[in-house]
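Enquirer: Mind having a look at this structure? Questions to follow.
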Amino acid sequence: MTTTAPTGPDGGPAATRPAPAPRRTRPGWLTAPWLMLLVPVLASAVDSVLVTLDNPWWQRLLAALATLALLLRRRYPVLVLLLTLPAAFVTYIWIAPITAVYSVASRRPRPWVAVLCASVFALVEFFHWPFADHPLAFDRDNALYAIQCAMLGAGPTALGLLSRTRRELAVRLDELTKGQRRESRLLAERVLSTERARLAREMHDVVSHQVSLISIQAGALQVSTGDPAAKATAVTIRELSVRTLVELRQMVGVLRAAGVPPHEPLAPQPRLADLPRLIEGSGLSVSSELSPGDRPWPEAVERAAYRTVQEALTNITKHAPGAPVEVRLAARGARLLVEVHNERPPRRPGPMPLPGGGHGLVGLRERAQLLGGSFSATATADGGFTVHAELPAAGE
C-alpha cells in the first residue's frame, strides 16, 4: 500500500507543524511555604531599619514588633494587623501593615472584616502622628494624601480577596474534576454492566441451547447404538457437553454479577495433574513428556499451563487433524516451560472446518503476560506449528 505526503494549498508539500516546546516548571522551592512566610518578614525588616534608623528607640521597638508579628499572620491575621498599627501610626513603615492587611483579606472568610481592617489602616495612616504635620484643612494636599491612604488600604485588600477567591476556585475546580471522573467511571461501569448482561443473554440463549442439543443427541446415540466404539464416543461427547454447560452456567452468573463476587464458588479449576486426561481425550496422536518437577507451582501458573495445552490441542484438531503432536512440560529453575508442537497434517481439514477467530492465542499471550511470563506461537519450516510458553513460579 502506498501513501502520499500531505500537500499544502499550493500543491507543494505541507509544512510540518513544529512540536510544542515543553513547558518550563518552576522549581518547588520558589513556592515553598517557609519561603512565602519569610520573604515579607525580611522585606519589612529592611523597610523598618531604613525608616527608623535615626528615630528614638521606642519607635524602633514598635517597628521591630510589627516585623516579628508577621510570622503569625497566617494563623492570627487580625491580631497581627493590630500589632502593626502602632508602628504605622508613629513611623512611616508600610510593608508590615500592608502585608497584614493582605493577610486579613486572604485568610478571613468574611469580606467585611477585610474592608474594616483596611479602613482602620487608612485612617491610621491619614491621621499620622504628630497631628501638627497634617492640619485638617480642605485643600488639594490633604485630598491627595487621603487618596494615597485609601489606596494603601484598598490595594492589598483587593489582592488578598483575589488570592482567596483563586484558592476557592481551585478547590471548586478540583471537586468538579473529581466529580466528572466519578461520573465517567460510573458511566463506564454502567456500560460494562449492560454489555455483560447482553453477553450473558447471548451465551445462555444461543450457546447453552446448542450445547444442550449436542448433549441430548449424544445421549440418544448412546442408548440407540450397538457399536461399542460409537457408544464410548457418545459417552465422551455427553460428558464434555455436561461439563461445558456447568462452566457456561457459572460464566453467565459471573457476567450477571457485573463485577460482584458470585455467591457460589467456581468449579475446581484444572491443574497440571489433569493434563494426562486432557491429552488422552483429545483424539490426537500425542507423545507427551510431562516433568513439572517437585516444587509446588501456584494455581494460576498450573491453570495457565493447562489452558495453553488445551488451546493448542484444540487448534490442532481444527486445522491439522491427524498430525503427530508432541507435548512437553518441564521445569527450568523458577520457570515452567510449556511447548506443544505438531507436524504437517497428512490431510487437509474436511469440507466443514471448525471456525476459529484467533482469540484463543491472544488470550494465552495475555495470560502469560499477566503472570510475568512470555508466549509465542510460530509456524515451523516443516509445515507444522509450535506453541511455547514460559511461566514464572512467582506468577499470581
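How things are named: the first chain in the C-alpha cells is A, the next is B, and so on; residues count from 1 in each chain; ligands count from 1 in the order shown.
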If you count only C-alpha atoms, which residues fall within 12 Å of Val120 of chain A, apart from same-chain ones fewer than 5 positions away, as a VMD selection string?
Expert: chain A and resid 78 81 to 82 84 to 86 88 to 89 97 to 98 101 113 to 115 125 to 127 149 to 150 152 to 154
Enquirer: Pull N, CA, C and O atoms from the residues just selected and write them as a short mmCIF file (atom, residue, chain, number, x, y, z; two decimals), in the first residue's frame.
Expert:
data_model
loop_
_atom_site.label_atom_id
_atom_site.label_comp_id
_atom_site.auth_asym_id
_atom_site.auth_seq_id
_atom_site.Cartn_x
_atom_site.Cartn_y
_atom_site.Cartn_z
N VAL A 78 -5.81 39.15 62.01
CA VAL A 78 -6.35 40.39 62.58
C VAL A 78 -5.48 40.88 63.73
O VAL A 78 -5.19 42.09 63.85
N LEU A 81 -2.40 42.52 62.39
CA LEU A 81 -2.66 43.87 61.90
C LEU A 81 -2.71 44.87 63.05
O LEU A 81 -2.16 45.99 62.95
N LEU A 82 -3.36 44.50 64.15
CA LEU A 82 -3.42 45.40 65.30
C LEU A 82 -2.04 45.66 65.88
O LEU A 82 -1.76 46.77 66.37
N THR A 84 0.70 45.83 64.14
CA THR A 84 1.47 46.68 63.22
C THR A 84 0.97 48.12 63.17
O THR A 84 1.69 49.01 62.70
N LEU A 85 -0.24 48.38 63.64
CA LEU A 85 -0.80 49.73 63.55
C LEU A 85 -0.04 50.75 64.40
O LEU A 85 0.14 51.89 63.95
N PRO A 86 0.40 50.44 65.65
CA PRO A 86 1.16 51.46 66.40
C PRO A 86 2.41 51.92 65.68
O PRO A 86 2.70 53.13 65.64
N ALA A 88 2.90 51.84 62.45
CA ALA A 88 2.47 52.62 61.29
C ALA A 88 1.99 54.01 61.69
O ALA A 88 2.06 54.95 60.89
N PHE A 89 1.51 54.17 62.94
CA PHE A 89 1.00 55.46 63.40
C PHE A 89 2.12 56.44 63.73
O PHE A 89 2.02 57.63 63.45
N PRO A 97 2.35 46.80 57.73
CA PRO A 97 0.87 46.90 57.77
C PRO A 97 0.21 46.49 56.46
O PRO A 97 -0.88 45.91 56.48
N ILE A 98 0.86 46.79 55.34
CA ILE A 98 0.27 46.37 54.06
C ILE A 98 0.20 44.84 53.98
O ILE A 98 -0.79 44.26 53.55
N VAL A 101 -2.67 43.68 56.18
CA VAL A 101 -3.98 43.88 55.55
C VAL A 101 -4.23 42.81 54.48
O VAL A 101 -5.33 42.24 54.37
N VAL A 113 -14.77 42.03 57.13
CA VAL A 113 -13.65 42.12 58.08
C VAL A 113 -12.44 42.73 57.38
O VAL A 113 -11.75 43.61 57.94
N ALA A 114 -12.17 42.29 56.16
CA ALA A 114 -11.04 42.86 55.42
C ALA A 114 -11.26 44.33 55.11
O ALA A 114 -10.33 45.15 55.23
N VAL A 115 -12.47 44.69 54.73
CA VAL A 115 -12.76 46.10 54.44
C VAL A 115 -12.61 46.96 55.69
O VAL A 115 -12.05 48.07 55.65
N GLU A 125 -3.10 55.79 58.89
CA GLU A 125 -2.09 56.37 58.02
C GLU A 125 -2.40 57.84 57.72
O GLU A 125 -1.47 58.66 57.59
N PHE A 126 -3.70 58.20 57.64
CA PHE A 126 -4.04 59.58 57.34
C PHE A 126 -3.84 60.48 58.57
O PHE A 126 -3.21 61.54 58.47
N PHE A 127 -4.36 60.06 59.73
CA PHE A 127 -4.18 60.84 60.96
C PHE A 127 -2.88 60.41 61.64
O PHE A 127 -2.88 59.77 62.68
N CYS A 149 -3.77 57.29 51.12
CA CYS A 149 -4.05 56.39 52.25
C CYS A 149 -5.13 55.36 51.89
O CYS A 149 -5.04 54.18 52.27
N ALA A 150 -6.16 55.80 51.15
CA ALA A 150 -7.21 54.86 50.73
C ALA A 150 -6.65 53.80 49.80
O ALA A 150 -7.00 52.60 49.89
N LEU A 152 -3.53 52.77 49.78
CA LEU A 152 -2.68 51.87 50.58
C LEU A 152 -3.50 50.80 51.28
O LEU A 152 -3.02 49.68 51.49
N GLY A 153 -4.73 51.11 51.64
CA GLY A 153 -5.58 50.10 52.26
C GLY A 153 -6.33 49.25 51.26
O GLY A 153 -6.54 48.04 51.47
N ALA A 154 -6.75 49.86 50.13
CA ALA A 154 -7.56 49.12 49.16
C ALA A 154 -6.72 48.17 48.30
O ALA A 154 -7.20 47.09 47.92
#
Enquirer: Show me, as a list of chain:residue names, the residues that have an atom within 8 Å of segment 209-218 of chain A when counting only C-alpha atoms, minus same-chain residues fewer than 5 positions from it.
Expert: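 Neighbouring residues, sequence-local ones excluded: A:His204, A:Ala234, A:Val235, A:Ile237, A:Arg238, A:Glu239, A:Ser241, A:Val242, A:Thr244, A:Leu245.
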Enquirer: Residues near segment 56-58 of chain A, anyone? I mean within 12 Å using only C-alpha atoms, not counting same-chain ones fewer than 4 positions away, as a list of chain:residue names.
Expert: A:Val49, A:Val51, A:Thr52, A:Leu62, A:Ala63, A:Ala64, A:Leu65, A:Pro86, A:Ala87, A:Val90, A:Thr91
Enquirer: Do you have the atom CA of Val207 of chain A-atom CA of Val252 of chain A distance handy?
Expert: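 Straight-line distance from atom CA of Val207 of chain A to atom CA of Val252 of chain A works out to 10.9 Å.
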Enquirer: For a test of reading the model, state the distance in Å between atom CA of Pro321 of chain A and atom CA of Val387 of chain A, rounded to one decimal.
Expert: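 So the two atoms, atom CA of Pro321 of chain A and atom CA of Val387 of chain A, lie 16.3 Å apart.
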Enquirer: Pull the helix (DSSP H, G or I) assignments for segment 241-375 of chain A out of DSSP run on the backbone, and list those residues as a ChimeraX atom specification.
Expert: /A:241-257,272-280,299-319,359-370
Enquirer: Please produce an output containing C-alpha atoms for each residue in the selection, written as a PDB file, in the first residue's frame.
Expert:
ATOM      1  CA  SER A 241     -21.337 -31.279  26.928  1.00  0.00           C
ATOM      2  CA  VAL A 242     -22.463 -31.517  30.537  1.00  0.00           C
ATOM      3  CA  ARG A 243     -19.142 -30.122  31.770  1.00  0.00           C
ATOM      4  CA  THR A 244     -19.391 -27.288  29.262  1.00  0.00           C
ATOM      5  CA  LEU A 245     -22.914 -26.476  30.412  1.00  0.00           C
ATOM      6  CA  VAL A 246     -21.767 -26.318  34.054  1.00  0.00           C
ATOM      7  CA  GLU A 247     -18.897 -23.968  33.236  1.00  0.00           C
ATOM      8  CA  LEU A 248     -21.164 -21.924  30.969  1.00  0.00           C
ATOM      9  CA  ARG A 249     -23.719 -21.525  33.759  1.00  0.00           C
ATOM     10  CA  GLN A 250     -21.005 -20.269  36.093  1.00  0.00           C
ATOM     11  CA  MET A 251     -19.680 -17.812  33.499  1.00  0.00           C
ATOM     12  CA  VAL A 252     -23.186 -16.468  32.910  1.00  0.00           C
ATOM     13  CA  GLY A 253     -23.507 -15.969  36.675  1.00  0.00           C
ATOM     14  CA  VAL A 254     -20.223 -14.057  36.768  1.00  0.00           C
ATOM     15  CA  LEU A 255     -21.309 -11.833  33.887  1.00  0.00           C
ATOM     16  CA  ARG A 256     -24.684 -11.203  35.511  1.00  0.00           C
ATOM     17  CA  ALA A 257     -22.969 -10.238  38.770  1.00  0.00           C
ATOM     18  CA  LEU A 272      -1.215 -29.976  35.919  1.00  0.00           C
ATOM     19  CA  ALA A 273      -2.452 -33.329  37.211  1.00  0.00           C
ATOM     20  CA  ASP A 274      -5.352 -33.093  34.736  1.00  0.00           C
ATOM     21  CA  LEU A 275      -3.087 -32.877  31.681  1.00  0.00           C
ATOM     22  CA  PRO A 276      -2.809 -36.654  31.053  1.00  0.00           C
ATOM     23  CA  ARG A 277      -6.592 -36.973  30.913  1.00  0.00           C
ATOM     24  CA  LEU A 278      -6.801 -33.950  28.598  1.00  0.00           C
ATOM     25  CA  ILE A 279      -4.196 -35.418  26.259  1.00  0.00           C
ATOM     26  CA  GLU A 280      -5.844 -38.842  26.313  1.00  0.00           C
ATOM     27  CA  GLU A 299      -2.596 -22.327  40.976  1.00  0.00           C
ATOM     28  CA  ALA A 300      -2.574 -19.530  38.383  1.00  0.00           C
ATOM     29  CA  VAL A 301       0.565 -20.965  36.752  1.00  0.00           C
ATOM     30  CA  GLU A 302      -0.866 -24.505  36.631  1.00  0.00           C
ATOM     31  CA  ARG A 303      -4.121 -23.200  35.193  1.00  0.00           C
ATOM     32  CA  ALA A 304      -2.290 -21.181  32.526  1.00  0.00           C
ATOM     33  CA  ALA A 305      -0.173 -24.210  31.559  1.00  0.00           C
ATOM     34  CA  TYR A 306      -3.282 -26.390  31.280  1.00  0.00           C
ATOM     35  CA  ARG A 307      -5.113 -23.804  29.163  1.00  0.00           C
ATOM     36  CA  THR A 308      -2.074 -23.471  26.878  1.00  0.00           C
ATOM     37  CA  VAL A 309      -2.020 -27.200  26.146  1.00  0.00           C
ATOM     38  CA  GLN A 310      -5.798 -27.290  25.826  1.00  0.00           C
ATOM     39  CA  GLU A 311      -5.939 -24.426  23.311  1.00  0.00           C
ATOM     40  CA  ALA A 312      -3.033 -25.861  21.300  1.00  0.00           C
ATOM     41  CA  LEU A 313      -4.684 -29.291  21.043  1.00  0.00           C
ATOM     42  CA  THR A 314      -7.988 -27.676  20.080  1.00  0.00           C
ATOM     43  CA  ASN A 315      -6.302 -25.699  17.288  1.00  0.00           C
ATOM     44  CA  ILE A 316      -4.557 -28.829  16.032  1.00  0.00           C
ATOM     45  CA  THR A 317      -7.893 -30.661  15.951  1.00  0.00           C
ATOM     46  CA  LYS A 318      -9.367 -27.813  13.895  1.00  0.00           C
ATOM     47  CA  HIS A 319      -6.556 -27.039  11.484  1.00  0.00           C
ATOM     48  CA  HIS A 359      -8.751 -15.123  20.024  1.00  0.00           C
ATOM     49  CA  GLY A 360      -7.500 -18.209  21.825  1.00  0.00           C
ATOM     50  CA  LEU A 361      -3.851 -17.434  21.148  1.00  0.00           C
ATOM     51  CA  VAL A 362      -4.411 -13.820  22.130  1.00  0.00           C
ATOM     52  CA  GLY A 363      -5.894 -14.987  25.418  1.00  0.00           C
ATOM     53  CA  LEU A 364      -2.928 -17.294  26.062  1.00  0.00           C
ATOM     54  CA  ARG A 365      -0.496 -14.442  25.438  1.00  0.00           C
ATOM     55  CA  GLU A 366      -2.427 -12.235  27.852  1.00  0.00           C
ATOM     56  CA  ARG A 367      -2.405 -14.983  30.491  1.00  0.00           C
ATOM     57  CA  ALA A 368       1.364 -15.364  30.210  1.00  0.00           C
ATOM     58  CA  GLN A 369       1.990 -11.606  30.319  1.00  0.00           C
ATOM     59  CA  LEU A 370      -0.230 -11.156  33.379  1.00  0.00           C
TER      60      LEU A 370
END
Enquirer: Have a look at atom CA of Pro292 of chain A and atom CA of Thr378 of chain A and let me know their distance in Å, one decimal.
Expert: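 These two atoms are separated by 23.5 Å.
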Enquirer: Using the chain letters and numbers from this document, which residues of segment 224-389 of chain A does DSSP assign to strand (DSSP E), as a ChimeraX atom specification?
Expert: /A:286-291,325-332,335-342,374-379,385-389
Enquirer: Quick one: residues within 7 Å of Thr67 of chain A, only C-alpha atoms, excluding same-chain residues fewer than 4 positions away - as a list in words?
Expert: Val41, Ser44, Ala45, Ala63 and Ala96 of chain A
Enquirer: Would you mind telling me which residue in A:Arg295, A:Arg335, A:Arg344, A:Arg140 lies nearest to Phe385 of chain A when using only C-alpha atoms?
Expert: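 Closest to Phe385 of chain A, using only C-alpha atoms: A:Arg344.
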